[in-house]
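Student: There's a structure below that I have some questions on.
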Amino acid sequence: ALIGTWAYAFSVVTARLDGHRPSVRVGWIAYAAGIAAMVGAALLSGFVVPAIVDRYADGAAAQLESAHHLIALAGIGNQVLAQFGVVAMSIGILGWSIALVGAAGVRRVVGGIGVLAGLVPALGVLSGWIVLDVYGMTTVVVAQVVWYLAIAWLLLRKEI
């Protein structure tokens, strides 16, 4: 539900920032791809892994070995999807923020915050500086939330 709310909210941001502008359009496409990847990561961890555990819980040693490999594969899939999701969502934030940096006043400030909120997580994940464990994902979420609140403030003030 939260991810669907983000998708709706950022479709509004895209429309208000003139969705025909290249950076805005790239922002929406990248963010949507990131949302899809994050949904995939959550489904793997939240539904696929428990289903594997349920299916193989009473299995023989060979079946438990298979379950172990399947759970490891799901974990790898979760990390790949989450990493892609963070980078894509960060590119989205960066695209929208580039459109805001060219404006005047508080919009420029919010654009600057977004440039940081887009670059730091993307570069952190790509360089390996941010590992998407609990602490790394918290770092990403905090960076994003600061920008989300700034964008919400602009929307409420009808500045975009």
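Identifiers in the structure tokens: chain A, B, ... in order shown; residue index from 1 per chain; ligand index from 1 in order shown.
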At a cut-off of 10 Å, can you tabulate as a Markdown table every residue of segment 22-114 of chain A near segment 119-129 of chain A together with its closest atom pair and the distance in Å to one decimal, using only C-alpha atoms and ordering rows by chain then number?
Tutor:
```
| residue | atom | partner | partner_atom | distance |
| --- | --- | --- | --- | --- |
| A:Ala82 | CA | A:Val125 | CA | 9.9 |
| A:Gln83 | CA | A:Val125 | CA | 6.6 |
| A:Phe84 | CA | A:Val125 | CA | 9.0 |
| A:Gly85 | CA | A:Ala122 | CA | 9.6 |
| A:Val86 | CA | A:Ala122 | CA | 6.5 |
| A:Val87 | CA | A:Ala122 | CA | 4.6 |
| A:Ala88 | CA | A:Ala122 | CA | 7.9 |
| A:Met89 | CA | A:Ala122 | CA | 8.5 |
| A:Ser90 | CA | A:Ala122 | CA | 5.8 |
| A:Ile91 | CA | A:Ala122 | CA | 7.4 |
| A:Ile93 | CA | A:Leu119 | CA | 8.8 |
| A:Leu94 | CA | A:Leu119 | CA | 7.0 |
| A:Gly114 | CA | A:Leu119 | CA | 8.3 |
```
Student: Given the choices A:Glu159, A:Gly136, A:Val115, A:Ala99, which gets closest to Pro22 of chain A if the distance is worked out from only C-alpha atoms?
Tutor: A:Ala99
Student: Show which residues sit within 12 Å of segment 103-113 of chain A, as a short mmCIF file (atom, residue, chain, number, x, y, z; two decimals) with all heavy atoms, in the first residue's frame. Count only C-alpha atoms, and ignore same-chain residues fewer than 4 positions away.
Tutor:
```
data_model
loop_
_atom_site.label_atom_id
_atom_site.label_comp_id
_atom_site.auth_asym_id
_atom_site.auth_seq_id
_atom_site.Cartn_x
_atom_site.Cartn_y
_atom_site.Cartn_z
N LEU A 17 5.57 18.82 -12.50
CA LEU A 17 6.88 19.30 -12.96
C LEU A 17 7.00 19.28 -14.48
O LEU A 17 8.09 19.47 -15.01
CB LEU A 17 8.00 18.45 -12.35
CG LEU A 17 8.27 18.65 -10.87
CD1 LEU A 17 9.34 17.68 -10.39
CD2 LEU A 17 8.69 20.09 -10.59
N ILE A 93 14.70 10.19 -8.22
CA ILE A 93 14.78 11.37 -7.36
C ILE A 93 15.70 12.40 -8.00
O ILE A 93 15.41 13.60 -8.01
CB ILE A 93 15.25 10.97 -5.95
CG1 ILE A 93 14.15 10.18 -5.25
CG2 ILE A 93 15.66 12.20 -5.13
CD1 ILE A 93 14.57 9.52 -3.94
N LEU A 94 16.80 11.94 -8.54
CA LEU A 94 17.76 12.84 -9.19
C LEU A 94 17.12 13.53 -10.41
O LEU A 94 17.28 14.74 -10.59
CB LEU A 94 19.00 12.05 -9.61
CG LEU A 94 20.19 12.84 -10.10
CD1 LEU A 94 20.67 13.84 -9.07
CD2 LEU A 94 21.31 11.89 -10.48
N GLY A 95 16.37 12.78 -11.22
CA GLY A 95 15.71 13.36 -12.39
C GLY A 95 14.74 14.46 -12.02
O GLY A 95 14.76 15.56 -12.62
N TRP A 96 13.90 14.20 -11.03
CA TRP A 96 12.95 15.23 -10.59
C TRP A 96 13.69 16.42 -9.99
O TRP A 96 13.31 17.57 -10.18
CB TRP A 96 11.97 14.66 -9.58
CG TRP A 96 10.97 13.71 -10.15
CD1 TRP A 96 10.22 13.90 -11.27
CD2 TRP A 96 10.61 12.45 -9.64
NE1 TRP A 96 9.41 12.81 -11.48
CE2 TRP A 96 9.62 11.90 -10.48
CE3 TRP A 96 11.01 11.70 -8.53
CZ2 TRP A 96 9.04 10.66 -10.26
CZ3 TRP A 96 10.43 10.45 -8.31
CH2 TRP A 96 9.45 9.96 -9.17
N SER A 97 14.75 16.13 -9.25
CA SER A 97 15.49 17.19 -8.57
C SER A 97 16.22 18.10 -9.55
O SER A 97 16.35 19.30 -9.31
CB SER A 97 16.47 16.59 -7.57
OG SER A 97 15.73 15.91 -6.56
N ILE A 98 16.69 17.53 -10.64
CA ILE A 98 17.34 18.35 -11.67
C ILE A 98 16.34 19.38 -12.20
O ILE A 98 16.70 20.54 -12.43
CB ILE A 98 17.90 17.46 -12.80
CG1 ILE A 98 19.15 16.73 -12.28
CG2 ILE A 98 18.22 18.28 -14.05
CD1 ILE A 98 19.65 15.62 -13.20
N ALA A 99 15.09 18.98 -12.36
CA ALA A 99 14.07 19.92 -12.80
C ALA A 99 13.84 21.02 -11.77
O ALA A 99 13.58 22.17 -12.12
CB ALA A 99 12.76 19.19 -13.08
N ALA A 117 20.01 13.34 -2.11
CA ALA A 117 19.24 12.14 -1.78
C ALA A 117 19.25 11.13 -2.92
O ALA A 117 19.03 9.94 -2.71
CB ALA A 117 17.80 12.51 -1.43
N GLY A 118 19.51 11.60 -4.14
CA GLY A 118 19.62 10.69 -5.27
C GLY A 118 21.03 10.16 -5.46
O GLY A 118 21.24 8.97 -5.66
N LEU A 119 22.01 11.04 -5.36
CA LEU A 119 23.39 10.64 -5.62
C LEU A 119 23.99 9.76 -4.52
O LEU A 119 24.64 8.76 -4.82
CB LEU A 119 24.28 11.87 -5.81
CG LEU A 119 24.16 12.58 -7.16
CD1 LEU A 119 25.04 13.83 -7.17
CD2 LEU A 119 24.54 11.65 -8.30
N VAL A 120 23.80 10.15 -3.27
CA VAL A 120 24.46 9.41 -2.17
C VAL A 120 24.05 7.94 -2.14
O VAL A 120 24.91 7.06 -2.14
CB VAL A 120 24.25 10.12 -0.82
CG1 VAL A 120 24.74 9.26 0.34
CG2 VAL A 120 24.97 11.47 -0.82
N ALA A 143 17.66 9.09 3.75
CA ALA A 143 17.95 10.06 2.68
C ALA A 143 16.70 10.31 1.84
O ALA A 143 16.38 11.46 1.51
CB ALA A 143 19.10 9.56 1.80
N GLN A 144 15.99 9.24 1.50
CA GLN A 144 14.78 9.38 0.69
C GLN A 144 13.68 10.12 1.45
O GLN A 144 13.01 10.98 0.89
CB GLN A 144 14.28 8.02 0.22
CG GLN A 144 15.18 7.38 -0.81
CD GLN A 144 14.72 5.98 -1.20
OE1 GLN A 144 13.91 5.36 -0.52
NE2 GLN A 144 15.26 5.48 -2.29
N VAL A 145 13.50 9.79 2.71
CA VAL A 145 12.43 10.40 3.50
C VAL A 145 12.63 11.90 3.64
O VAL A 145 11.66 12.68 3.57
CB VAL A 145 12.29 9.72 4.88
CG1 VAL A 145 11.47 10.56 5.84
CG2 VAL A 145 11.66 8.35 4.72
N VAL A 146 13.87 12.34 3.81
CA VAL A 146 14.13 13.79 3.89
C VAL A 146 13.62 14.46 2.61
O VAL A 146 12.94 15.48 2.65
CB VAL A 146 15.64 14.06 4.12
CG1 VAL A 146 15.96 15.52 3.91
CG2 VAL A 146 16.05 13.60 5.51
N TRP A 147 13.94 13.85 1.47
CA TRP A 147 13.48 14.43 0.20
C TRP A 147 11.97 14.30 0.04
O TRP A 147 11.32 15.23 -0.43
CB TRP A 147 14.21 13.78 -0.97
CG TRP A 147 13.95 14.51 -2.25
CD1 TRP A 147 14.47 15.70 -2.64
CD2 TRP A 147 13.07 14.10 -3.30
NE1 TRP A 147 13.97 16.06 -3.88
CE2 TRP A 147 13.12 15.09 -4.30
CE3 TRP A 147 12.26 12.99 -3.49
CZ2 TRP A 147 12.37 14.99 -5.47
CZ3 TRP A 147 11.53 12.90 -4.65
CH2 TRP A 147 11.59 13.89 -5.64
N TYR A 148 11.40 13.15 0.44
CA TYR A 148 9.95 12.98 0.34
C TYR A 148 9.23 14.06 1.14
O TYR A 148 8.22 14.61 0.69
CB TYR A 148 9.51 11.61 0.87
CG TYR A 148 9.98 10.41 0.09
CD1 TYR A 148 10.00 9.15 0.68
CD2 TYR A 148 10.38 10.50 -1.23
CE1 TYR A 148 10.41 8.03 -0.02
CE2 TYR A 148 10.80 9.38 -1.94
CZ TYR A 148 10.81 8.15 -1.32
OH TYR A 148 11.22 7.05 -2.02
N LEU A 149 9.71 14.35 2.33
CA LEU A 149 9.07 15.38 3.15
C LEU A 149 9.20 16.76 2.50
O LEU A 149 8.26 17.56 2.54
CB LEU A 149 9.67 15.37 4.56
CG LEU A 149 9.33 14.14 5.40
CD1 LEU A 149 10.12 14.16 6.71
CD2 LEU A 149 7.85 14.03 5.65
N ALA A 150 10.36 17.02 1.91
CA ALA A 150 10.56 18.31 1.23
C ALA A 150 9.62 18.44 0.04
O ALA A 150 9.01 19.49 -0.19
CB ALA A 150 12.02 18.46 0.80
N ILE A 151 9.47 17.37 -0.73
CA ILE A 151 8.55 17.38 -1.88
C ILE A 151 7.11 17.52 -1.41
O ILE A 151 6.32 18.26 -1.99
CB ILE A 151 8.73 16.10 -2.74
CG1 ILE A 151 9.96 16.22 -3.60
CG2 ILE A 151 7.52 15.81 -3.60
CD1 ILE A 151 9.87 17.28 -4.69
N ALA A 152 6.75 16.81 -0.34
CA ALA A 152 5.39 16.92 0.20
C ALA A 152 5.11 18.36 0.62
O ALA A 152 4.02 18.88 0.39
CB ALA A 152 5.22 15.98 1.39
N TRP A 153 6.11 19.01 1.22
CA TRP A 153 5.95 20.40 1.62
C TRP A 153 5.69 21.28 0.42
O TRP A 153 4.81 22.15 0.45
CB TRP A 153 7.22 20.83 2.39
CG TRP A 153 7.16 22.18 2.98
CD1 TRP A 153 6.30 22.63 3.95
CD2 TRP A 153 8.00 23.28 2.65
NE1 TRP A 153 6.56 23.94 4.24
CE2 TRP A 153 7.61 24.36 3.46
CE3 TRP A 153 9.05 23.45 1.76
CZ2 TRP A 153 8.22 25.59 3.39
CZ3 TRP A 153 9.66 24.68 1.70
CH2 TRP A 153 9.25 25.73 2.51
N LEU A 154 6.44 21.06 -0.67
CA LEU A 154 6.20 21.83 -1.91
C LEU A 154 4.79 21.57 -2.46
O LEU A 154 4.12 22.50 -2.91
CB LEU A 154 7.23 21.51 -2.98
CG LEU A 154 8.65 22.03 -2.80
CD1 LEU A 154 9.53 21.61 -3.96
CD2 LEU A 154 8.65 23.54 -2.63
N LEU A 155 4.38 20.33 -2.43
CA LEU A 155 3.04 20.00 -2.94
C LEU A 155 1.95 20.67 -2.09
O LEU A 155 1.00 21.22 -2.63
CB LEU A 155 2.84 18.48 -2.94
CG LEU A 155 3.58 17.70 -4.03
CD1 LEU A 155 3.51 16.20 -3.74
CD2 LEU A 155 3.03 18.01 -5.40
N ARG A 157 2.19 23.33 -0.31
CA ARG A 157 2.24 24.78 -0.52
C ARG A 157 1.87 25.16 -1.96
O ARG A 157 1.88 26.34 -2.31
CB ARG A 157 3.64 25.30 -0.21
CG ARG A 157 3.97 25.24 1.26
CD ARG A 157 5.39 25.67 1.51
NE ARG A 157 5.71 26.89 0.81
CZ ARG A 157 6.16 28.00 1.35
NH1 ARG A 157 6.38 28.03 2.63
NH2 ARG A 157 6.46 29.06 0.63
N LYS A 158 1.60 24.13 -2.78
CA LYS A 158 1.25 24.33 -4.19
C LYS A 158 2.36 25.06 -4.95
O LYS A 158 2.10 25.87 -5.82
CB LYS A 158 -0.08 25.02 -4.35
CG LYS A 158 -1.22 24.23 -3.72
CD LYS A 158 -2.56 24.80 -4.09
CE LYS A 158 -3.67 24.16 -3.33
NZ LYS A 158 -4.06 22.87 -3.62
N GLU A 159 3.61 24.73 -4.57
CA GLU A 159 4.75 25.32 -5.27
C GLU A 159 5.21 24.45 -6.44
O GLU A 159 6.06 24.85 -7.21
CB GLU A 159 5.91 25.55 -4.29
CG GLU A 159 5.50 26.53 -3.21
CD GLU A 159 6.61 27.45 -2.79
OE1 GLU A 159 7.59 27.62 -3.53
OE2 GLU A 159 6.47 28.03 -1.71
N ILE A 160 4.65 23.27 -6.53
CA ILE A 160 4.81 22.44 -7.73
C ILE A 160 3.46 21.85 -8.03
O ILE A 160 2.57 21.81 -7.22
CB ILE A 160 5.89 21.33 -7.62
CG1 ILE A 160 5.60 20.37 -6.48
CG2 ILE A 160 7.24 21.93 -7.55
CD1 ILE A 160 6.48 19.17 -6.47
#
```
Student: Atom CA of Val141 of chain A and atom CA of Trp6 of chain A, how far apart in Å?
Tutor: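 Computing the Euclidean distance for atom CA of Trp6 of chain A and atom CA of Val141 of chain A yields 13.1 Å.
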Student: Excluding segment 45-60 of chain A and residues on its chain fewer than 4 positions from it, collect all residues at most 9 Å away from it, counting only C-alpha atoms, and give them as a PyMOL selection string.
Tutor: chain A and resi 40-41+64-67+70-71+74-75+78
Student: Please identify all polymer residues within 10 Å of Thr14 of chain A, counting only C-alpha atoms, omitting same-chain residues fewer than 3 positions from it, and present them as a PDB file with all heavy atoms, in the first residue's frame.
Tutor:
```pdb
ATOM      1  N   TYR A   8       1.562   6.784  -6.827  1.00  0.00           N
ATOM      2  CA  TYR A   8       0.558   7.795  -7.128  1.00  0.00           C
ATOM      3  C   TYR A   8       1.114   9.199  -6.878  1.00  0.00           C
ATOM      4  O   TYR A   8       0.981  10.097  -7.728  1.00  0.00           O
ATOM      5  CB  TYR A   8      -0.716   7.588  -6.303  1.00  0.00           C
ATOM      6  CG  TYR A   8      -1.697   8.703  -6.535  1.00  0.00           C
ATOM      7  CD1 TYR A   8      -2.450   8.747  -7.706  1.00  0.00           C
ATOM      8  CD2 TYR A   8      -1.829   9.746  -5.626  1.00  0.00           C
ATOM      9  CE1 TYR A   8      -3.324   9.798  -7.956  1.00  0.00           C
ATOM     10  CE2 TYR A   8      -2.693  10.791  -5.860  1.00  0.00           C
ATOM     11  CZ  TYR A   8      -3.442  10.813  -7.027  1.00  0.00           C
ATOM     12  OH  TYR A   8      -4.298  11.852  -7.270  1.00  0.00           O
ATOM     13  N   ALA A   9       1.722   9.389  -5.722  1.00  0.00           N
ATOM     14  CA  ALA A   9       2.244  10.715  -5.370  1.00  0.00           C
ATOM     15  C   ALA A   9       3.264  11.199  -6.393  1.00  0.00           C
ATOM     16  O   ALA A   9       3.238  12.362  -6.804  1.00  0.00           O
ATOM     17  CB  ALA A   9       2.871  10.681  -3.979  1.00  0.00           C
ATOM     18  N   PHE A  10       4.130  10.309  -6.839  1.00  0.00           N
ATOM     19  CA  PHE A  10       5.150  10.756  -7.777  1.00  0.00           C
ATOM     20  C   PHE A  10       4.633  10.859  -9.203  1.00  0.00           C
ATOM     21  O   PHE A  10       5.239  11.541 -10.026  1.00  0.00           O
ATOM     22  CB  PHE A  10       6.417   9.917  -7.647  1.00  0.00           C
ATOM     23  CG  PHE A  10       7.150  10.277  -6.383  1.00  0.00           C
ATOM     24  CD1 PHE A  10       7.237   9.397  -5.336  1.00  0.00           C
ATOM     25  CD2 PHE A  10       7.684  11.544  -6.238  1.00  0.00           C
ATOM     26  CE1 PHE A  10       7.875   9.753  -4.168  1.00  0.00           C
ATOM     27  CE2 PHE A  10       8.320  11.918  -5.068  1.00  0.00           C
ATOM     28  CZ  PHE A  10       8.426  11.016  -4.027  1.00  0.00           C
ATOM     29  N   SER A  11       3.487  10.256  -9.486  1.00  0.00           N
ATOM     30  CA  SER A  11       2.854  10.543 -10.778  1.00  0.00           C
ATOM     31  C   SER A  11       2.320  11.981 -10.754  1.00  0.00           C
ATOM     32  O   SER A  11       2.373  12.684 -11.760  1.00  0.00           O
ATOM     33  CB  SER A  11       1.741   9.537 -11.089  1.00  0.00           C
ATOM     34  OG  SER A  11       0.611   9.732 -10.258  1.00  0.00           O
ATOM     35  N   LEU A  17       5.570  18.822 -12.504  1.00  0.00           N
ATOM     36  CA  LEU A  17       6.883  19.301 -12.961  1.00  0.00           C
ATOM     37  C   LEU A  17       6.998  19.282 -14.480  1.00  0.00           C
ATOM     38  O   LEU A  17       8.086  19.470 -15.011  1.00  0.00           O
ATOM     39  CB  LEU A  17       8.004  18.453 -12.348  1.00  0.00           C
ATOM     40  CG  LEU A  17       8.274  18.649 -10.868  1.00  0.00           C
ATOM     41  CD1 LEU A  17       9.342  17.678 -10.391  1.00  0.00           C
ATOM     42  CD2 LEU A  17       8.694  20.090 -10.585  1.00  0.00           C
ATOM     43  N   ASP A  18       5.902  19.066 -15.170  1.00  0.00           N
ATOM     44  CA  ASP A  18       5.874  18.987 -16.628  1.00  0.00           C
ATOM     45  C   ASP A  18       6.534  17.701 -17.095  1.00  0.00           C
ATOM     46  O   ASP A  18       7.720  17.668 -17.403  1.00  0.00           O
ATOM     47  CB  ASP A  18       6.529  20.205 -17.284  1.00  0.00           C
ATOM     48  CG  ASP A  18       6.397  20.182 -18.804  1.00  0.00           C
ATOM     49  OD1 ASP A  18       5.671  19.304 -19.345  1.00  0.00           O
ATOM     50  OD2 ASP A  18       7.026  21.023 -19.460  1.00  0.00           O
ATOM     51  N   GLY A  19       5.737  16.659 -17.124  1.00  0.00           N
ATOM     52  CA  GLY A  19       6.205  15.331 -17.491  1.00  0.00           C
ATOM     53  C   GLY A  19       6.797  15.203 -18.877  1.00  0.00           C
ATOM     54  O   GLY A  19       7.309  14.157 -19.237  1.00  0.00           O
ATOM     55  N   HIS A  20       6.759  16.260 -19.673  1.00  0.00           N
ATOM     56  CA  HIS A  20       7.360  16.221 -21.005  1.00  0.00           C
ATOM     57  C   HIS A  20       8.842  16.583 -20.971  1.00  0.00           C
ATOM     58  O   HIS A  20       9.548  16.354 -21.947  1.00  0.00           O
ATOM     59  CB  HIS A  20       6.612  17.154 -21.964  1.00  0.00           C
ATOM     60  CG  HIS A  20       5.181  16.763 -22.149  1.00  0.00           C
ATOM     61  ND1 HIS A  20       4.802  15.620 -22.807  1.00  0.00           N
ATOM     62  CD2 HIS A  20       4.034  17.350 -21.709  1.00  0.00           C
ATOM     63  CE1 HIS A  20       3.489  15.520 -22.786  1.00  0.00           C
ATOM     64  NE2 HIS A  20       2.992  16.549 -22.127  1.00  0.00           N
ATOM     65  N   ARG A  21       9.299  17.138 -19.858  1.00  0.00           N
ATOM     66  CA  ARG A  21      10.718  17.475 -19.730  1.00  0.00           C
ATOM     67  C   ARG A  21      11.518  16.182 -19.586  1.00  0.00           C
ATOM     68  O   ARG A  21      11.127  15.285 -18.842  1.00  0.00           O
ATOM     69  CB  ARG A  21      10.944  18.370 -18.518  1.00  0.00           C
ATOM     70  CG  ARG A  21      10.263  19.723 -18.674  1.00  0.00           C
ATOM     71  CD  ARG A  21      10.300  20.518 -17.417  1.00  0.00           C
ATOM     72  NE  ARG A  21      11.679  20.854 -17.077  1.00  0.00           N
ATOM     73  CZ  ARG A  21      12.009  21.529 -15.997  1.00  0.00           C
ATOM     74  NH1 ARG A  21      11.072  21.925 -15.152  1.00  0.00           N
ATOM     75  NH2 ARG A  21      13.262  21.824 -15.745  1.00  0.00           N
ATOM     76  N   SER A  23      14.302  15.247 -17.983  1.00  0.00           N
ATOM     77  CA  SER A  23      14.731  14.804 -16.651  1.00  0.00           C
ATOM     78  C   SER A  23      13.544  14.327 -15.817  1.00  0.00           C
ATOM     79  O   SER A  23      13.669  13.384 -15.034  1.00  0.00           O
ATOM     80  CB  SER A  23      15.496  15.911 -15.912  1.00  0.00           C
ATOM     81  OG  SER A  23      14.641  16.948 -15.505  1.00  0.00           O
ATOM     82  N   VAL A  24      12.396  14.953 -15.999  1.00  0.00           N
ATOM     83  CA  VAL A  24      11.196  14.565 -15.258  1.00  0.00           C
ATOM     84  C   VAL A  24      10.696  13.200 -15.745  1.00  0.00           C
ATOM     85  O   VAL A  24      10.367  12.322 -14.947  1.00  0.00           O
ATOM     86  CB  VAL A  24      10.095  15.640 -15.399  1.00  0.00           C
ATOM     87  CG1 VAL A  24       8.793  15.186 -14.768  1.00  0.00           C
ATOM     88  CG2 VAL A  24      10.569  16.957 -14.798  1.00  0.00           C
ATOM     89  N   ARG A  25      10.686  13.014 -17.058  1.00  0.00           N
ATOM     90  CA  ARG A  25      10.243  11.739 -17.622  1.00  0.00           C
ATOM     91  C   ARG A  25      11.180  10.604 -17.213  1.00  0.00           C
ATOM     92  O   ARG A  25      10.732   9.534 -16.807  1.00  0.00           O
ATOM     93  CB  ARG A  25      10.152  11.844 -19.139  1.00  0.00           C
ATOM     94  CG  ARG A  25       9.483  10.626 -19.751  1.00  0.00           C
ATOM     95  CD  ARG A  25       9.242  10.809 -21.202  1.00  0.00           C
ATOM     96  NE  ARG A  25       8.274  11.896 -21.374  1.00  0.00           N
ATOM     97  CZ  ARG A  25       7.817  12.288 -22.541  1.00  0.00           C
ATOM     98  NH1 ARG A  25       8.231  11.705 -23.637  1.00  0.00           N
ATOM     99  NH2 ARG A  25       6.946  13.257 -22.628  1.00  0.00           N
ATOM    100  N   VAL A  26      12.493  10.849 -17.303  1.00  0.00           N
ATOM    101  CA  VAL A  26      13.467   9.846 -16.866  1.00  0.00           C
ATOM    102  C   VAL A  26      13.272   9.554 -15.377  1.00  0.00           C
ATOM    103  O   VAL A  26      13.335   8.401 -14.943  1.00  0.00           O
ATOM    104  CB  VAL A  26      14.915  10.308 -17.157  1.00  0.00           C
ATOM    105  CG1 VAL A  26      15.938   9.473 -16.412  1.00  0.00           C
ATOM    106  CG2 VAL A  26      15.191  10.269 -18.657  1.00  0.00           C
ATOM    107  N   GLY A  27      13.014  10.607 -14.599  1.00  0.00           N
ATOM    108  CA  GLY A  27      12.769  10.419 -13.173  1.00  0.00           C
ATOM    109  C   GLY A  27      11.612   9.480 -12.912  1.00  0.00           C
ATOM    110  O   GLY A  27      11.721   8.553 -12.106  1.00  0.00           O
ATOM    111  N   TRP A  28      10.506   9.686 -13.604  1.00  0.00           N
ATOM    112  CA  TRP A  28       9.329   8.835 -13.392  1.00  0.00           C
ATOM    113  C   TRP A  28       9.592   7.398 -13.836  1.00  0.00           C
ATOM    114  O   TRP A  28       9.249   6.452 -13.134  1.00  0.00           O
ATOM    115  CB  TRP A  28       8.121   9.419 -14.114  1.00  0.00           C
ATOM    116  CG  TRP A  28       6.922   8.523 -14.052  1.00  0.00           C
ATOM    117  CD1 TRP A  28       6.243   7.998 -15.091  1.00  0.00           C
ATOM    118  CD2 TRP A  28       6.280   8.015 -12.874  1.00  0.00           C
ATOM    119  NE1 TRP A  28       5.220   7.207 -14.645  1.00  0.00           N
ATOM    120  CE2 TRP A  28       5.216   7.199 -13.275  1.00  0.00           C
ATOM    121  CE3 TRP A  28       6.514   8.168 -11.519  1.00  0.00           C
ATOM    122  CZ2 TRP A  28       4.385   6.542 -12.375  1.00  0.00           C
ATOM    123  CZ3 TRP A  28       5.688   7.514 -10.617  1.00  0.00           C
ATOM    124  CH2 TRP A  28       4.631   6.714 -11.043  1.00  0.00           C
ATOM    125  N   TRP A  96      13.898  14.202 -11.033  1.00  0.00           N
ATOM    126  CA  TRP A  96      12.953  15.231 -10.594  1.00  0.00           C
ATOM    127  C   TRP A  96      13.689  16.419  -9.988  1.00  0.00           C
ATOM    128  O   TRP A  96      13.307  17.572 -10.178  1.00  0.00           O
ATOM    129  CB  TRP A  96      11.971  14.663  -9.584  1.00  0.00           C
ATOM    130  CG  TRP A  96      10.973  13.715 -10.153  1.00  0.00           C
ATOM    131  CD1 TRP A  96      10.221  13.901 -11.270  1.00  0.00           C
ATOM    132  CD2 TRP A  96      10.614  12.449  -9.636  1.00  0.00           C
ATOM    133  NE1 TRP A  96       9.410  12.812 -11.476  1.00  0.00           N
ATOM    134  CE2 TRP A  96       9.624  11.902 -10.478  1.00  0.00           C
ATOM    135  CE3 TRP A  96      11.010  11.698  -8.532  1.00  0.00           C
ATOM    136  CZ2 TRP A  96       9.037  10.665 -10.259  1.00  0.00           C
ATOM    137  CZ3 TRP A  96      10.428  10.454  -8.311  1.00  0.00           C
ATOM    138  CH2 TRP A  96       9.453   9.956  -9.167  1.00  0.00           C
ATOM    139  N   ILE A 160       4.649  23.273  -6.528  1.00  0.00           N
ATOM    140  CA  ILE A 160       4.805  22.445  -7.729  1.00  0.00           C
ATOM    141  C   ILE A 160       3.457  21.846  -8.033  1.00  0.00           C
ATOM    142  O   ILE A 160       2.571  21.815  -7.221  1.00  0.00           O
ATOM    143  CB  ILE A 160       5.888  21.329  -7.621  1.00  0.00           C
ATOM    144  CG1 ILE A 160       5.597  20.370  -6.476  1.00  0.00           C
ATOM    145  CG2 ILE A 160       7.243  21.930  -7.547  1.00  0.00           C
ATOM    146  CD1 ILE A 160       6.484  19.169  -6.474  1.00  0.00           C
TER     147      ILE A 160
END
```
